[in-house]
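Enquirer: Here it is: the structure, laid out below.
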Amino acid sequence: MDKTSGVSQPNPSASGRQGLWWAMLILSLTGLLISMILARLHFQVHTQAGFHSFCGHGSTFNCDDVARSRYSILLGVPTALWGVFAYLLAAAVAHAGLRSWRTALTASCCLLLFTGFAALSASLGAISAFRLHALCILCAATYGINLLLFVLALVQAGSIGFHTVAAAPWCFVRENPGKAMVALILLGAAAVGLVALVPPYWRREASHRSYRLALQGLARGEAPGGGHWIGAQNPILTITEFSDYECPHCRLAHAQLRAIVARFPDQVRLVHRHFPLDQECNRSIERPFHQTACRAAIIAECAGRAGRFWEANDALFEPSNSLDALSAKKIAADLKLDPAGFDRCLKDEGLAAVKNDIEVGIALKLDGTPAFLVDGQVYMGNLPAFVLDRLRPAPDAAK
């Protein structure tokens, strides 16, 4: 109250705190939007063979590579969905602050919450830089948002008083133990519900494993000019896939294509050819990339010399297997191959067969995997649905 005029004057400190609450609310909603985009991107990367997002084409800045890593899952849930959950909570707390609901308590909640955000961002950023060697620009945007939220929460706590803010949660719990317990139970139930309700779509390959039994009775052989085939003896559709055992998109395409052959065993022939993105054997690759892909392709070829190509192919694409740990000796033992003949092949014939496939791929101007050749037309990344249209039963056959 102005003593001379009797007119109420605005409180600059309170006005500033309102501005901070607004800033935190807007940043939380922005983070929520980015997290929703990331969650959708994660789903597409793991369910659509050859999918590339708008930020998934570079070698250093690549959202898709980060989404495919094991660090994109936290406690059985995509990290992006945890982001959606956390930013919703942050927005709710910031809104409570705007409504001046227990200001010190909401400031304390924000400080605790955004300290956790900043710590997690630092950890994920370090993992991207030093373990994945790839940075997701959308993830980096959330890291920046989290840092700003942390700074704003510090400023807000300072404007109220750090001692008051630190004491607020304990005072609330002491005065309202029932409400505090209900709040914790609701938060815990929401987190448990998220873990329970989100299906593990990133393990979708597992749903296709029945193709192994379905394909056991199919014809197989070596295609003229190179490559191994399985499926119809007299196909109406031949799909040639150029693949890399270290490529996660290829793993998904492998399961999808094998499911197609299992569904149309008398109409589709699948031909597998190698195009490892590994400079060890692929002269079109100019820098280290998939550094076990050549070795894996050679192992598959040598298993093929003993008539076990498709069994080795399945093992090398198995999501639970690590190519680094999956040795040639283990493959040979599992498939009961002749050790001496297998070793001789690894040193000579296998590499020659892989290089033959690579030269075919280079001639087709392939620049990645998976790639599909159908009727002389190359399709990169995805096999268009219209290619399969001819597999529909003819009207006469349906009668």
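Quick note on naming: the chains in the structure tokens go A, B, ... in the order shown, residues restart at 1 in each chain, and ligands are numbered from 1 in order of appearance.
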Where in segment 79-311 of chain A does DSSP assign strand (DSSP E), given as a PyMOL selection string?
Expert: chain A and resi 219-222+228-231+237-243+268-274
Enquirer: Show me, as an MDAnalysis selection string, the residues that have an atom within 10 Å of segment 83-89 of chain A when counting only C-alpha atoms, minus same-chain residues fewer than 4 positions from it.
Expert: chainID A and resid 25 27:39 78:79 93:95 110 113:114 117 142 146 187 190:191 194
Enquirer: Compile the contact shell of Tyr71 of chain A as an MDAnalysis selection string: residues with an atom at most 12 Å away, counting only C-alpha atoms, same-chain residues fewer than 6 positions apart removed.
Expert: chainID A and resid 42 65 77:80 120 123:128 131:132
Enquirer: Print the selection's residues with C-alpha atoms to a file, as a short mmCIF file (atom, residue, chain, number, x, y, z; two decimals), in the first residue's frame.
Expert:
data_model
loop_
_atom_site.label_atom_id
_atom_site.label_comp_id
_atom_site.auth_asym_id
_atom_site.auth_seq_id
_atom_site.Cartn_x
_atom_site.Cartn_y
_atom_site.Cartn_z
CA HIS A 42 10.90 -44.47 -31.94
CA ASP A 65 20.59 -44.44 -34.66
CA VAL A 77 9.56 -48.24 -21.64
CA PRO A 78 10.86 -45.98 -24.44
CA THR A 79 12.73 -43.06 -22.91
CA ALA A 80 10.62 -40.69 -25.03
CA LEU A 120 19.37 -37.43 -16.77
CA SER A 123 23.89 -38.76 -18.61
CA LEU A 124 22.09 -39.34 -21.91
CA GLY A 125 24.15 -36.65 -23.63
CA ALA A 126 27.37 -38.30 -22.46
CA ILE A 127 26.13 -41.70 -23.69
CA SER A 128 25.32 -40.23 -27.11
CA ARG A 131 29.23 -44.52 -26.54
CA LEU A 132 26.89 -44.10 -29.50
#
Enquirer: As a PyMOL selection string, please: every residue in segment 5-241 of chain A that DSSP puts in alpha helix (DSSP H).
Expert: chain A and resi 12-47+63-68+79-98+103-127+137-160+162-175+177-197+211-214
Enquirer: Which residues of segment 257-299 of chain A sit at most 6 Å from segment 231-248 of chain A, using only C-alpha atoms? Give each one's shortest atom pair and distance in Å (one decimal place), in chain and ascending residue order, as a Markdown table.
Expert:
| residue | atom | partner | partner_atom | distance |
| --- | --- | --- | --- | --- |
| A:Pro265 | CA | A:Gly231 | CA | 5.5 |
| A:Asp266 | CA | A:Ala232 | CA | 4.6 |
| A:Gln267 | CA | A:Pro235 | CA | 4.7 |
| A:Val268 | CA | A:Leu237 | CA | 5.0 |
| A:Arg269 | CA | A:Gly231 | CA | 4.5 |
| A:Leu270 | CA | A:Ile239 | CA | 5.0 |
| A:Val271 | CA | A:Thr240 | CA | 4.5 |
| A:His272 | CA | A:Glu241 | CA | 5.2 |
| A:Arg273 | CA | A:Phe242 | CA | 4.9 |
| A:His274 | CA | A:Ser243 | CA | 5.3 |
| A:Phe275 | CA | A:Ser243 | CA | 5.3 |
| A:Pro276 | CA | A:Asp244 | CA | 4.5 |
| A:Ala293 | CA | A:Glu246 | CA | 5.5 |
Enquirer: Go ahead and write the selection's residues with C-alpha atoms as a PDB file, in the first residue's frame.
Expert:
ATOM      1  CA  PRO A 265       5.239 -70.320 -50.472  1.00  0.00           C
ATOM      2  CA  ASP A 266       4.217 -71.249 -54.026  1.00  0.00           C
ATOM      3  CA  GLN A 267       4.355 -67.719 -55.425  1.00  0.00           C
ATOM      4  CA  VAL A 268       7.319 -65.872 -53.907  1.00  0.00           C
ATOM      5  CA  ARG A 269      11.025 -66.553 -54.191  1.00  0.00           C
ATOM      6  CA  LEU A 270      13.341 -64.619 -51.878  1.00  0.00           C
ATOM      7  CA  VAL A 271      16.957 -64.192 -52.949  1.00  0.00           C
ATOM      8  CA  HIS A 272      19.492 -62.996 -50.386  1.00  0.00           C
ATOM      9  CA  ARG A 273      22.589 -61.103 -51.500  1.00  0.00           C
ATOM     10  CA  HIS A 274      25.194 -59.412 -49.334  1.00  0.00           C
ATOM     11  CA  PHE A 275      25.989 -55.733 -49.215  1.00  0.00           C
ATOM     12  CA  PRO A 276      27.838 -55.232 -45.906  1.00  0.00           C
ATOM     13  CA  ALA A 293      29.320 -57.045 -41.248  1.00  0.00           C
TER      14      ALA A 293
END
Enquirer: Report as number ranges by chain all protein, DNA and RNA residues lying within 10 Å of Ala306 of chain A, evaluated on only C-alpha atoms, omitting residues in the same chain fewer than 5 positions from it.
Expert: A: 301, 335-338, 341-342
Enquirer: Okay, now the selection with C-alpha atoms, as an mmCIF file, in the first residue's frame?
Expert:
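selection36.cif, written as the output of this step:
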data_model
loop_
_atom_site.group_PDB
_atom_site.id
_atom_site.type_symbol
_atom_site.label_atom_id
_atom_site.label_comp_id
_atom_site.auth_asym_id
_atom_site.auth_seq_id
_atom_site.Cartn_x
_atom_site.Cartn_y
_atom_site.Cartn_z
ATOM 1 C CA GLU A 301 28.323 -67.893 -47.234
ATOM 2 C CA LEU A 335 24.918 -76.055 -37.423
ATOM 3 C CA LYS A 336 27.112 -79.187 -37.204
ATOM 4 C CA LEU A 337 29.357 -78.102 -40.076
ATOM 5 C CA ASP A 338 32.631 -79.757 -40.980
ATOM 6 C CA GLY A 341 35.962 -77.291 -44.641
ATOM 7 C CA PHE A 342 34.342 -74.353 -42.909
#
